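Asks: I'm passing along input-v9.txt; it holds compact mmCIF, C-alpha atoms and all ligand atoms.
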# COMPACT_ATOMS: atom_id res chain seq x y z
CA MET X 1 227.24 112.13 80.20
CA GLN X 2 223.65 113.08 81.02
CA ASN X 3 221.08 111.85 78.54
CA MET X 4 219.43 114.68 76.75
CA VAL X 5 216.54 112.45 75.71
CA THR X 6 215.10 109.24 77.14
CA ILE X 7 212.67 107.34 74.96
CA ALA X 8 210.32 104.72 76.42
CA GLY X 9 209.74 101.94 73.88
CA ALA X 10 211.98 100.27 71.30
CA GLY X 11 209.33 99.87 68.60
CA PRO X 12 209.62 101.50 65.16
CA ALA X 13 208.46 104.94 66.39
CA GLY X 14 210.83 105.10 69.37
CA LEU X 15 213.82 103.73 67.47
CA GLN X 16 213.28 106.04 64.50
CA THR X 17 213.09 109.02 66.87
CA ALA X 18 216.31 107.84 68.53
CA ILE X 19 218.13 107.40 65.20
CA ARG X 20 217.24 110.93 64.09
CA LEU X 21 218.19 112.44 67.47
CA ALA X 22 221.56 110.70 67.32
CA GLU X 23 222.05 112.09 63.81
CA TYR X 24 221.39 115.56 65.21
CA GLY X 25 224.06 114.79 67.82
CA TRP X 26 221.97 114.50 71.03
CA PRO X 27 222.81 111.77 73.57
CA THR X 28 219.78 109.50 73.60
CA LYS X 29 218.76 106.44 75.56
CA VAL X 30 215.95 104.02 74.77
CA LEU X 31 214.30 102.00 77.54
CA GLU X 32 212.54 98.80 76.47
CA GLU X 33 210.50 96.86 79.00
CA HIS X 34 210.94 93.49 77.26
CA GLU X 35 214.03 91.33 77.33
CA LYS X 36 214.53 91.49 73.55
CA VAL X 37 213.80 94.23 71.03
CA GLY X 38 211.17 93.00 68.54
CA ILE X 39 209.65 90.34 70.78
CA PRO X 40 206.76 89.69 71.34
CA VAL X 41 205.44 90.44 67.86
CA ASN X 42 201.97 91.97 67.82
CA CYS X 43 201.85 93.06 64.21
CA SER X 44 201.30 91.64 60.72
CA GLY X 45 204.18 93.54 59.14
CA LEU X 46 202.24 94.73 56.09
CA ILE X 47 203.54 98.06 54.78
CA SER X 48 202.48 99.85 51.59
CA ALA X 49 205.15 100.13 48.90
CA THR X 50 204.94 103.93 49.13
CA GLY X 51 205.18 103.76 52.94
CA ILE X 52 208.37 101.67 52.67
CA LYS X 53 209.93 104.48 50.62
CA GLU X 54 208.57 107.33 52.74
CA ALA X 55 209.82 105.84 56.00
CA GLY X 56 213.14 104.82 54.40
CA ILE X 57 212.76 101.17 55.41
CA ASN X 58 215.30 98.80 53.90
CA SER X 59 213.00 95.83 53.34
CA GLU X 60 215.46 93.70 51.36
CA LYS X 61 216.70 91.54 54.21
CA ILE X 62 213.44 91.46 56.18
CA LEU X 63 210.97 90.75 53.36
CA ILE X 64 208.62 87.77 53.70
CA ASP X 65 206.73 88.35 50.44
CA TYR X 66 205.34 91.01 48.14
CA ILE X 67 201.60 91.71 48.19
CA PHE X 68 199.92 92.56 44.88
CA GLY X 69 196.40 93.34 46.00
CA ALA X 70 193.39 92.45 48.09
CA LYS X 71 190.11 90.59 47.86
CA ILE X 72 187.55 92.49 49.90
CA PHE X 73 184.36 90.64 50.88
CA SER X 74 180.98 92.01 51.93
CA PRO X 75 178.92 90.06 54.51
CA ASN X 76 177.02 88.18 51.74
CA GLY X 77 180.27 87.23 50.01
CA THR X 78 180.31 89.83 47.20
CA MET X 79 183.95 90.35 46.36
CA LEU X 80 185.84 93.41 45.16
CA GLU X 81 189.21 92.36 43.84
CA VAL X 82 191.99 94.91 43.50
CA ARG X 83 195.09 93.42 41.90
CA ARG X 84 198.09 95.26 40.53
CA LYS X 85 201.00 94.07 38.39
CA LYS X 86 203.54 95.67 40.70
CA PRO X 87 203.62 95.05 44.48
CA VAL X 88 201.33 97.37 46.43
CA ALA X 89 202.78 96.33 49.76
CA HIS X 90 205.71 94.56 51.37
CA LEU X 91 205.05 91.90 53.97
CA ILE X 92 208.05 92.11 56.28
CA SER X 93 209.20 90.36 59.44
CA ARG X 94 208.22 92.84 62.13
CA CYS X 95 210.72 91.39 64.59
CA LYS X 96 213.54 91.85 62.07
CA LEU X 97 212.43 95.43 61.32
CA ASP X 98 212.75 96.35 65.00
CA GLU X 99 216.13 94.60 65.22
CA GLN X 100 217.33 96.40 62.09
CA LEU X 101 216.30 99.78 63.53
CA ARG X 102 217.87 98.91 66.88
CA ASP X 103 221.17 98.01 65.18
CA LEU X 104 221.17 101.28 63.26
CA ALA X 105 220.36 103.27 66.41
CA VAL X 106 223.18 101.59 68.35
CA LYS X 107 225.59 102.20 65.45
CA LYS X 108 224.75 105.89 65.64
CA GLY X 109 225.49 105.98 69.36
CA VAL X 110 222.07 105.41 70.96
CA GLU X 111 222.07 103.36 74.15
CA VAL X 112 219.27 100.77 74.17
CA GLU X 113 218.55 99.20 77.55
CA THR X 114 216.21 96.21 77.67
CA ASN X 115 214.32 94.81 80.69
CA ALA X 116 213.84 98.48 81.57
CA LYS X 117 210.28 99.72 82.09
CA LEU X 118 209.64 103.45 82.45
CA ILE X 119 207.48 104.04 85.51
CA SER X 120 207.43 107.79 86.03
CA VAL X 121 208.82 111.13 84.91
CA ARG X 122 209.19 114.02 87.32
CA LYS X 123 210.80 117.00 85.65
CA GLU X 124 214.26 115.77 84.60
CA ASN X 125 214.06 112.59 86.71
CA VAL X 126 213.08 109.43 84.87
CA PHE X 127 212.23 106.44 87.07
CA TYR X 128 212.30 102.97 85.64
CA GLN X 129 212.15 99.39 86.76
CA LYS X 130 215.10 97.14 85.99
CA GLU X 131 214.63 93.47 86.96
CA LYS X 132 212.43 94.42 89.97
CA ARG X 133 214.86 97.17 91.06
CA GLY X 134 213.97 100.85 90.87
CA GLU X 135 216.41 102.98 88.85
CA LEU X 136 216.67 106.71 88.27
CA LEU X 137 218.24 108.59 85.42
CA LYS X 138 218.47 112.25 84.51
CA SER X 139 217.10 113.40 81.20
CA LYS X 140 216.02 116.76 79.81
CA ILE X 141 213.26 115.26 77.66
CA ALA X 142 211.17 112.07 77.89
CA VAL X 143 209.51 110.66 74.77
CA GLY X 144 206.65 108.19 75.12
CA ALA X 145 206.97 105.71 72.28
CA ASP X 146 205.56 103.06 74.57
CA GLY X 147 202.71 101.81 72.42
CA ALA X 148 198.93 101.69 72.74
CA HIS X 149 198.97 101.28 76.56
CA SER X 150 201.41 104.20 76.97
CA THR X 151 202.53 105.03 80.51
CA VAL X 152 203.88 108.40 79.37
CA ARG X 153 200.46 109.28 77.92
CA GLU X 154 198.96 108.55 81.33
CA LEU X 155 201.63 110.63 83.06
CA MET X 156 200.66 113.49 80.76
CA GLY X 157 197.11 113.16 82.09
CA LEU X 158 195.54 112.15 78.77
CA LYS X 159 192.58 109.87 79.46
CA ILE X 160 191.33 107.95 76.45
CA GLY X 161 188.15 105.85 76.49
CA PRO X 162 187.93 102.21 75.35
CA GLU X 163 185.83 103.24 72.31
CA ASN X 164 189.08 104.57 70.83
CA PHE X 165 190.73 101.15 70.70
CA VAL X 166 190.23 98.01 68.67
CA HIS X 167 191.14 94.65 70.14
CA ALA X 168 193.02 92.60 67.55
CA TYR X 169 193.61 88.87 67.74
CA GLN X 170 195.44 86.78 65.18
CA GLU X 171 196.75 83.27 64.65
CA PHE X 172 199.74 82.27 62.54
CA VAL X 173 198.64 79.09 60.80
CA HIS X 174 199.61 76.38 58.35
CA GLY X 175 197.10 75.64 55.56
CA ASN X 176 196.44 76.44 51.90
CA PHE X 177 196.42 80.08 50.84
CA GLU X 178 196.79 82.27 47.76
CA PRO X 179 200.16 84.01 48.08
CA GLY X 180 200.48 87.70 47.26
CA MET X 181 196.79 88.51 47.88
CA VAL X 182 195.34 89.70 51.19
CA GLU X 183 191.72 88.94 52.14
CA VAL X 184 189.59 91.47 54.02
CA HIS X 185 186.08 90.67 55.34
CA VAL X 186 183.78 93.41 56.63
CA GLY X 187 180.46 93.43 58.49
CA THR X 188 179.11 92.32 61.84
CA ILE X 189 181.40 89.30 61.70
CA ALA X 190 184.04 91.79 62.94
CA PRO X 191 182.08 94.51 64.75
CA GLY X 192 183.86 97.88 64.53
CA PHE X 193 186.73 96.69 62.33
CA PHE X 194 187.35 93.76 59.93
CA ALA X 195 188.78 90.27 59.61
CA TRP X 196 191.83 89.42 57.50
CA ILE X 197 193.95 86.71 55.95
CA ILE X 198 197.53 87.67 55.13
CA PRO X 199 199.41 84.87 53.39
CA HIS X 200 203.16 84.50 53.97
CA SER X 201 203.25 81.76 51.32
CA ASN X 202 200.84 79.22 49.82
CA LYS X 203 201.21 77.17 53.02
CA TYR X 204 201.34 79.73 55.83
CA ALA X 205 199.25 82.79 56.80
CA GLU X 206 198.14 85.17 59.50
CA ILE X 207 194.41 84.99 60.15
CA GLY X 208 193.11 87.79 62.30
CA ILE X 209 190.22 89.90 63.43
CA GLY X 210 189.73 93.26 65.09
CA THR X 211 186.66 94.19 67.12
CA SER X 212 185.62 97.27 69.10
CA MET X 213 187.22 97.01 72.51
CA GLY X 214 185.05 95.43 75.19
CA LYS X 215 182.14 94.73 72.81
CA SER X 216 182.97 91.13 71.90
CA ASN X 217 185.62 88.50 72.41
CA PRO X 218 187.91 88.62 69.34
CA LYS X 219 189.05 84.99 69.75
CA GLU X 220 185.41 83.82 69.65
CA MET X 221 184.74 86.13 66.70
CA LEU X 222 187.71 84.62 64.84
CA ASP X 223 186.19 81.16 65.39
CA LYS X 224 182.88 82.40 63.93
CA PHE X 225 184.68 84.07 61.02
CA THR X 226 186.65 80.97 60.00
CA GLU X 227 183.49 78.87 60.30
CA LYS X 228 181.58 81.36 58.12
CA ILE X 229 184.12 81.35 55.29
CA GLY X 230 184.59 77.58 55.59
CA LEU X 231 188.24 77.73 56.57
CA LYS X 232 189.01 74.32 58.00
CA ARG X 233 189.96 74.55 61.68
CA ASN X 234 192.23 71.51 61.48
CA TYR X 235 195.10 73.82 60.65
CA GLU X 236 198.10 73.97 62.89
CA ILE X 237 198.48 77.18 64.93
CA ASP X 238 202.08 78.30 65.23
CA ARG X 239 201.54 81.24 67.56
CA ILE X 240 199.00 83.90 68.39
CA ALA X 241 199.04 87.67 68.87
CA SER X 242 196.53 89.67 70.86
CA ALA X 243 196.86 93.42 71.29
CA LEU X 244 195.15 96.79 71.17
CA ILE X 245 195.19 99.11 68.18
CA PRO X 246 194.58 102.85 68.76
CA CYS X 247 191.67 103.77 66.49
CA GLY X 248 190.56 107.17 67.74
CA PRO X 249 190.84 110.68 66.34
CA PRO X 250 194.31 112.28 66.27
CA LEU X 251 195.27 113.76 69.64
CA LYS X 252 195.26 117.56 69.71
CA ASN X 253 198.28 118.03 71.96
CA LEU X 254 201.19 115.62 72.15
CA VAL X 255 203.39 117.70 74.44
CA LYS X 256 203.24 118.33 78.17
CA ASP X 257 206.12 119.89 80.12
CA ASN X 258 209.18 117.93 78.94
CA MET X 259 207.20 114.92 77.63
CA LEU X 260 206.20 114.13 74.03
CA LEU X 261 204.29 111.23 72.48
CA VAL X 262 205.01 109.38 69.26
CA GLY X 263 203.69 106.30 67.43
CA ASP X 264 200.83 104.26 68.90
CA ALA X 265 201.29 106.12 72.19
CA GLY X 266 200.34 109.32 70.31
CA PHE X 267 197.63 107.61 68.21
CA HIS X 268 199.69 107.66 65.02
CA ALA X 269 197.90 104.61 63.60
CA LYS X 270 195.37 104.58 60.77
CA ALA X 271 191.90 103.95 62.21
CA THR X 272 190.76 102.23 58.99
CA THR X 273 193.44 99.52 58.83
CA GLY X 274 195.28 99.77 62.16
CA GLY X 275 198.55 100.29 60.28
CA GLY X 276 200.92 102.39 62.37
CA ILE X 277 204.49 101.50 61.40
CA VAL X 278 205.02 104.14 58.72
CA LEU X 279 203.16 107.04 60.33
CA GLY X 280 204.80 106.25 63.68
CA MET X 281 208.23 106.47 62.05
CA LEU X 282 207.36 109.66 60.16
CA ALA X 283 206.07 111.19 63.40
CA GLY X 284 209.38 110.07 64.96
CA ASN X 285 211.23 112.23 62.42
CA GLU X 286 209.08 115.22 63.41
CA CYS X 287 209.54 114.51 67.10
CA ALA X 288 213.34 114.44 66.74
CA LYS X 289 213.32 117.63 64.66
CA THR X 290 211.21 119.36 67.33
CA VAL X 291 213.53 118.31 70.15
CA HIS X 292 216.61 119.32 68.13
CA GLU X 293 215.19 122.78 67.49
CA TYR X 294 214.22 123.10 71.15
CA PHE X 295 217.75 122.24 72.31
CA SER X 296 219.20 124.61 69.73
CA GLY X 297 217.09 127.38 71.28
CA LYS X 298 215.09 127.94 68.14
CA LYS X 299 211.54 126.81 68.91
CA PRO X 300 209.38 125.56 71.81
CA LEU X 301 208.47 121.89 72.17
CA GLU X 302 204.82 122.76 71.43
CA ASN X 303 205.91 123.28 67.84
CA TYR X 304 205.69 119.45 67.51
CA ASN X 305 201.89 119.81 67.16
CA ASN X 306 202.43 122.04 64.12
CA TYR X 307 204.86 119.63 62.49
CA LEU X 308 202.29 116.86 62.85
CA LYS X 309 199.52 118.72 61.02
CA GLY X 310 200.03 116.84 57.71
CA ILE X 311 200.04 113.43 59.40
CA HIS X 312 197.03 114.36 61.55
CA LYS X 313 195.05 115.50 58.51
CA GLU X 314 195.33 112.01 56.97
CA LEU X 315 194.71 110.30 60.33
CA ASN X 316 191.55 112.34 60.75
CA ILE X 317 190.23 111.14 57.39
CA HIS X 318 191.02 107.53 58.33
CA TRP X 319 189.15 108.04 61.59
CA LYS X 320 186.10 109.57 59.90
CA ILE X 321 185.96 106.69 57.40
CA GLN X 322 186.13 104.25 60.29
CA GLN X 323 183.39 106.10 62.19
CA ALA X 324 181.15 105.89 59.12
CA MET X 325 181.92 102.18 58.64
CA ARG X 326 181.11 101.39 62.27
CA LYS X 327 177.52 102.46 61.65
CA PHE X 328 177.05 100.15 58.65
CA SER X 329 174.73 97.17 59.04
CA ASP X 330 175.40 94.03 57.01
CA ASN X 331 172.65 95.16 54.62
CA ASP X 332 174.35 98.55 54.16
CA TRP X 333 177.62 96.79 53.31
CA ASN X 334 175.92 94.41 50.86
CA LYS X 335 174.15 97.30 49.12
CA LEU X 336 177.35 99.36 48.96
CA PHE X 337 179.39 96.47 47.52
CA LYS X 338 176.71 95.85 44.87
CA GLU X 339 176.79 99.50 43.84
CA MET X 340 180.59 99.61 43.91
CA LYS X 341 180.79 96.57 41.64
CA GLN X 342 178.33 98.15 39.20
CA ALA X 343 180.38 101.37 39.18
CA ARG X 344 183.61 99.37 38.67
CA VAL X 345 185.14 100.74 41.87
CA ASP X 346 187.62 97.84 41.85
CA GLU X 347 189.09 99.13 38.56
CA PHE X 348 189.23 102.64 40.02
CA LEU X 349 191.04 101.40 43.13
CA GLU X 350 193.49 99.41 41.00
CA GLU X 351 194.49 102.68 39.39
CA HIS X 352 194.11 105.26 42.18
CA GLY X 353 193.77 103.44 45.54
CA HIS X 354 196.27 104.55 48.20
CA MET X 355 196.60 102.58 51.44
CA ASP X 356 198.03 105.46 53.49
CA ARG X 357 196.69 108.70 52.03
CA PRO X 358 192.91 108.51 51.49
CA SER X 359 192.74 112.26 50.79
CA GLN X 360 194.43 111.56 47.45
CA PHE X 361 191.90 109.08 46.10
CA ILE X 362 188.84 110.72 47.67
CA GLY X 363 189.68 113.76 45.57
CA LYS X 364 189.78 111.50 42.49
CA VAL X 365 186.33 110.06 43.38
CA LEU X 366 184.91 113.55 43.07
CA THR X 367 186.35 113.99 39.57
CA THR X 368 185.25 110.57 38.21
CA PRO X 369 181.66 110.81 36.83
CA ARG X 370 180.81 107.11 37.23
CA LEU X 371 181.62 107.42 40.97
CA TRP X 372 179.56 110.52 41.63
CA LYS X 373 176.93 108.47 43.44
CA PHE X 374 179.60 107.95 46.15
CA ALA X 375 180.50 111.66 46.25
CA GLY X 376 178.13 112.32 49.18
CA LEU X 377 179.87 109.65 51.23
CA ALA X 378 183.31 110.96 50.23
CA MET X 379 182.38 114.56 51.10
CA LYS X 380 181.13 113.51 54.55
CA VAL X 381 184.52 111.97 55.19
CA ILE X 382 186.50 114.99 54.00
C1 LIG B 401 197.46 92.37 65.39
C2 LIG B 401 198.08 93.62 64.86
C3 LIG B 401 198.48 93.68 63.54
C4 LIG B 401 199.06 94.85 63.03
N1 LIG B 401 199.48 94.87 61.74
C5 LIG B 401 200.06 95.97 61.23
C6 LIG B 401 200.52 95.99 59.89
O1 LIG B 401 200.39 95.02 59.16
N2 LIG B 401 201.12 97.12 59.43
C7 LIG B 401 201.27 98.23 60.22
O2 LIG B 401 201.79 99.26 59.75
N3 LIG B 401 200.85 98.24 61.50
C8 LIG B 401 200.26 97.13 62.03
N4 LIG B 401 199.84 97.12 63.32
C9 LIG B 401 200.07 98.31 64.14
C10 LIG B 401 201.54 98.38 64.52
O3 LIG B 401 201.94 97.20 65.14
C11 LIG B 401 201.76 99.58 65.45
O4 LIG B 401 201.15 100.73 64.91
C12 LIG B 401 203.25 99.83 65.65
O5 LIG B 401 203.84 98.75 66.29
C13 LIG B 401 203.46 101.09 66.48
O6 LIG B 401 204.81 101.25 66.74
P1 LIG B 401 205.28 101.95 68.10
O7 LIG B 401 206.75 101.98 68.04
O8 LIG B 401 204.51 103.19 68.27
O9 LIG B 401 204.75 101.00 69.25
P2 LIG B 401 205.09 99.49 69.58
O10 LIG B 401 205.52 98.77 68.36
O11 LIG B 401 203.90 98.98 70.31
O12 LIG B 401 206.33 99.59 70.53
C14 LIG B 401 206.21 100.06 71.83
C15 LIG B 401 207.32 99.45 72.64
O13 LIG B 401 207.31 100.04 73.92
C16 LIG B 401 207.55 99.05 74.90
N5 LIG B 401 207.00 99.59 76.15
C17 LIG B 401 205.70 99.73 76.51
N6 LIG B 401 205.59 100.33 77.69
C18 LIG B 401 206.86 100.60 78.11
C19 LIG B 401 207.42 101.24 79.26
N7 LIG B 401 206.64 101.73 80.23
N8 LIG B 401 208.77 101.33 79.35
C20 LIG B 401 209.58 100.84 78.37
N9 LIG B 401 209.10 100.22 77.27
C21 LIG B 401 207.77 100.12 77.13
C22 LIG B 401 206.86 97.83 74.34
O14 LIG B 401 207.39 96.64 74.90
C23 LIG B 401 207.16 97.96 72.86
O15 LIG B 401 208.36 97.32 72.52
C24 LIG B 401 199.24 95.97 63.86
C25 LIG B 401 198.84 95.92 65.20
C26 LIG B 401 198.27 94.75 65.70
C27 LIG B 401 197.85 94.73 67.14
Before we go any further, please render this structure as C-alpha cells.
Replies:
Amino acid sequence: MQNMVTIAGAGPAGLQTAIRLAEYGWPTKVLEEHEKVGIPVNCSGLISATGIKEAGINSEKILIDYIFGAKIFSPNGTMLEVRRKKPVAHLISRCKLDEQLRDLAVKKGVEVETNAKLISVRKENVFYQKEKRGELLKSKIAVGADGAHSTVRELMGLKIGPENFVHAYQEFVHGNFEPGMVEVHVGTIAPGFFAWIIPHSNKYAEIGIGTSMGKSNPKEMLDKFTEKIGLKRNYEIDRIASALIPCGPPLKNLVKDNMLLVGDAGFHAKATTGGGIVLGMLAGNECAKTVHEYFSGKKPLENYNNYLKGIHKELNIHWKIQQAMRKFSDNDWNKLFKEMKQARVDEFLEEHGHMDRPSQFIGKVLTTPRLWKFAGLAMKVI
C-alpha cells in the first residue's frame, strides 16, 4: 500500500505525529537516519509535571527521579530557591521515552525504518538514503520532524540564521549532588543562555551549558563554569552530548506544498529553557489532525498554522524573555536578583511559577502589588 504520510525523524515529535495519524487510520512511515531509535541522546529529559500530563507521557517506567525545584544563581552567587512539596518536573530517560513512543507507534501499525535518511522530496516522491543506497518511496505528504538541523525545512526554502540557535554541551558525571533540585546559573558565564546541573541521584548528574551559536566554545565555557562554582574536575565523565537548540521566534508558516514541519524542525522549543519535548508532541497532535482533515477533504494543509496559534503564542513569550535576557550584563542580573529577593519573588514562583506557560504567571505578576516594580519588564515581554 502507498504511504499516505512519510515522517522524517523518530524523535518525540515525529513519533507522536505518527501515532495520531495511525489512530486516524492513515498508513504512515517514519524514516530515522540513525541505527537505533533514541540513540544518540542529546537531551536532559526534564519535563514539567504539567507537561507530562498534557503530552500524555507515561513516565512510570522511564522515570529517573522527580524534581522538586530549582536553585537559580546570579553571576555574583545570589540564589533564588524555588522548592515545592510536590514534584514540579519528571526527569526521564530520553532514550526510553523515544523507545516507548516507537513501540506504541509500531503497535498502531506505523512502519519505522532505521538507517534511513531523508534526502529530498519532490511532489509525492520521497528520496532517502539507506546504507549508502538511494531509495525512493511514494507518499502524499512529507512531515519534517528531523530536528534542529532539519533537511525538510531546508527543502521548504526556510533559511534560518545562526543567531536563532543555541549550542548546548553537557557531560554526564559522577560526583556529589543534591538530588531533586536543579541548579541554573545565568550571566556571561553562559552567554546567550545559561548553565545547569541536573542531578540523577546524589552521585550522578548532567552538567551542561548553552551559549549563543558561534559566539563561544561551549566546552571551554563549561570548564570555566565548573571552575567558577568550584566543582571539582576530578569527576568521572560517563558520556557527553553536544547539539543545537532552536531558540528563535516561532516560524510563521510551517507548510509548503505537501511538506509540514513539527518539533525542533519547526522551532517548537522554548527559547528560555530549550525544552522541546512537550510542545513538539503537542504540535505533533495538531499536525496529524491537519493532515487527517486534509485527507478527509475538509480543510487545506495551511490550516496547520491556525492550529498552532496557541503554542506559538507561548513560544513567542519565551522568545521575547530570552531576547531580553540576552541583553543583560552581569551587573543587570545581580541587581535584578537583589530586587527579586527583596520582593520575595522566590515565594511567588513557588506558588505561581509555570515552566511551560509564562503567560499564566506574567499575568499574576501584574496583579501582585509587591511585584509591580517588575511590571514594566513583564509588559515588555507580553
Ligand atoms: C543538551 C540538550 C538538553 C535538552 N534538554 C531538554 C529537556 O530537559 N527537556 C526538554 O523538553 N527538551 C530538552 N531539549 C530539547 C529536546 O531534546 C528537543 O526539543 C526534542 O528532542 C525535539 O524533538 P524532535 O522530535 O522535534 O527532534 P529530535 O529529538 O531531534 O529528533 C529528530 C530525529 O530526526 C532524525 N533525523 C534528522 N535528520 C533526519 C533525516 N534527514 N532523515 C531521517 N531522520 C532524520 C534524528 O536522528 C532524530 O532522531 C534538550 C536539547 C539539548 C540539545
Asks: Using all atoms listed in the file, which of the listed residues (X:Val173, X:Ile277, X:Ala324, X:Cys95) sits closest to ligand LIG 401 (chain B)?
Replies: X:Ile277
Asks: Near Met221 (chain X), counting only C-alpha atoms, which residues have an atom at most 8 Å away, once you skip same-chain residues fewer than 5 positions from it, shown as a PDB file with C-alpha atoms, keeping the file's coordinate frame?
Replies:
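The result, written out as around17.pdb:
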ATOM      1  CA  ILE X 189     181.400  89.300  61.700  1.00  0.00           C
ATOM      2  CA  ALA X 190     184.040  91.790  62.940  1.00  0.00           C
ATOM      3  CA  ILE X 209     190.220  89.900  63.430  1.00  0.00           C
ATOM      4  CA  SER X 216     182.970  91.130  71.900  1.00  0.00           C
TER       5      SER X 216
END
Asks: With distances taken over only C-alpha atoms and all ligand atoms, which residue among X:Leu101, X:Met156, X:Ile47, X:Val345 lies nearest ligand LIG 401 (chain B)?
Replies: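 Among the listed residues, the smallest separation from ligand LIG 401 (chain B) belongs to X:Ile47.
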Asks: For ligand LIG 401 (chain B), which of X:Thr151, X:Gln342, X:Asn258, X:Ser296 is the closest residue, counting all atoms listed in the file?
Replies: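 Of X:Thr151, X:Gln342, X:Asn258, X:Ser296, the one nearest ligand LIG 401 (chain B), counting all atoms listed in the file, is X:Thr151.
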Asks: Go through chain X residue by residue and, counting only C-alpha atoms and all ligand atoms, keep those with an atom at most 6 Å from ligand LIG 401 (chain B); for each kept residue give the shortest atom pair and its distance in Å to one decimal, ordered by chain and increasing number, as a tab-separated table.
Replies:
residue	atom	partner	partner_atom	distance
X:Ala8	CA	B:LIG401	C20	4.4
X:Gly9	CA	B:LIG401	O13	3.1
X:Ala10	CA	B:LIG401	O15	4.8
X:Gly11	CA	B:LIG401	O7	3.4
X:Pro12	CA	B:LIG401	O7	4.1
X:Ala13	CA	B:LIG401	O7	3.8
X:Gly14	CA	B:LIG401	O7	5.3
X:Leu31	CA	B:LIG401	C20	4.9
X:Glu32	CA	B:LIG401	N9	3.8
X:Glu33	CA	B:LIG401	N9	4.0
X:His34	CA	B:LIG401	O14	5.3
X:Asn42	CA	B:LIG401	C27	5.0
X:Cys43	CA	B:LIG401	C3	3.5
X:Ser44	CA	B:LIG401	O1	3.8
X:Gly45	CA	B:LIG401	O1	4.1
X:Leu46	CA	B:LIG401	O1	3.6
X:Ile47	CA	B:LIG401	N2	5.3
X:Ala116	CA	B:LIG401	C20	5.8
X:Lys117	CA	B:LIG401	N8	3.5
X:Leu118	CA	B:LIG401	N8	3.9
X:Ile119	CA	B:LIG401	N7	5.8
X:Ala145	CA	B:LIG401	O8	5.3
X:Asp146	CA	B:LIG401	O13	3.6
X:Gly147	CA	B:LIG401	O11	3.7
X:Ser150	CA	B:LIG401	N6	5.7
X:Thr151	CA	B:LIG401	N7	5.3
X:Ala168	CA	B:LIG401	C1	4.9
X:Tyr169	CA	B:LIG401	C1	5.7
X:Gln170	CA	B:LIG401	C1	5.9
X:Ala243	CA	B:LIG401	C27	4.5
X:Leu244	CA	B:LIG401	C27	5.3
X:Ile245	CA	B:LIG401	C27	5.2
X:Gly263	CA	B:LIG401	O8	3.3
X:Asp264	CA	B:LIG401	O8	3.9
X:Ala265	CA	B:LIG401	O8	5.9
X:Ala269	CA	B:LIG401	O4	5.2
X:Gly274	CA	B:LIG401	C9	5.4
X:Gly275	CA	B:LIG401	N3	3.3
X:Gly276	CA	B:LIG401	O4	3.0
X:Ile277	CA	B:LIG401	O2	3.9
X:Val278	CA	B:LIG401	O2	5.9
X:Gly280	CA	B:LIG401	O8	5.5
Asks: Any idea what the distance is between CA of Leu222 (chain X) and CA of Ile237 (chain X)?
Replies: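 So the two atoms, CA of Leu222 (chain X) and CA of Ile237 (chain X), lie 13.1 Å apart.
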Asks: Between X:Thr6, X:Thr188, X:Asn305, X:Asn285, which residue has the minimum interatomic distance to Met325 (chain X), considering only C-alpha atoms?
Replies: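 Selected residue with least distance to Met325 (chain X): X:Thr188.
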Asks: Can you work out the spacing between CA of Lys85 (chain X) and CA of Leu279 (chain X) in Å, to one decimal?
Replies: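 Distance between the two atoms: 25.6 Å.
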Asks: Within 7 Å of region 58-79 of chain X, which residues of region 156-263 of chain X show up? Give each one with its shortest atom-to-atom distance in Å (one decimal) and the two atoms involved, counting only C-alpha atoms, rows by chain then rising residue number, as JSON lines.
Replies:
{"residue": "X:Gly180", "atom": "CA", "partner": "X:Ile67", "partner_atom": "CA", "distance": 4.3}
{"residue": "X:Met181", "atom": "CA", "partner": "X:Gly69", "partner_atom": "CA", "distance": 5.2}
{"residue": "X:Val182", "atom": "CA", "partner": "X:Ala70", "partner_atom": "CA", "distance": 4.6}
{"residue": "X:Glu183", "atom": "CA", "partner": "X:Lys71", "partner_atom": "CA", "distance": 4.9}
{"residue": "X:Val184", "atom": "CA", "partner": "X:Ile72", "partner_atom": "CA", "distance": 4.7}
{"residue": "X:His185", "atom": "CA", "partner": "X:Phe73", "partner_atom": "CA", "distance": 4.8}
{"residue": "X:Val186", "atom": "CA", "partner": "X:Ser74", "partner_atom": "CA", "distance": 5.6}
{"residue": "X:Gly187", "atom": "CA", "partner": "X:Pro75", "partner_atom": "CA", "distance": 5.4}
{"residue": "X:His200", "atom": "CA", "partner": "X:Asp65", "partner_atom": "CA", "distance": 6.3}
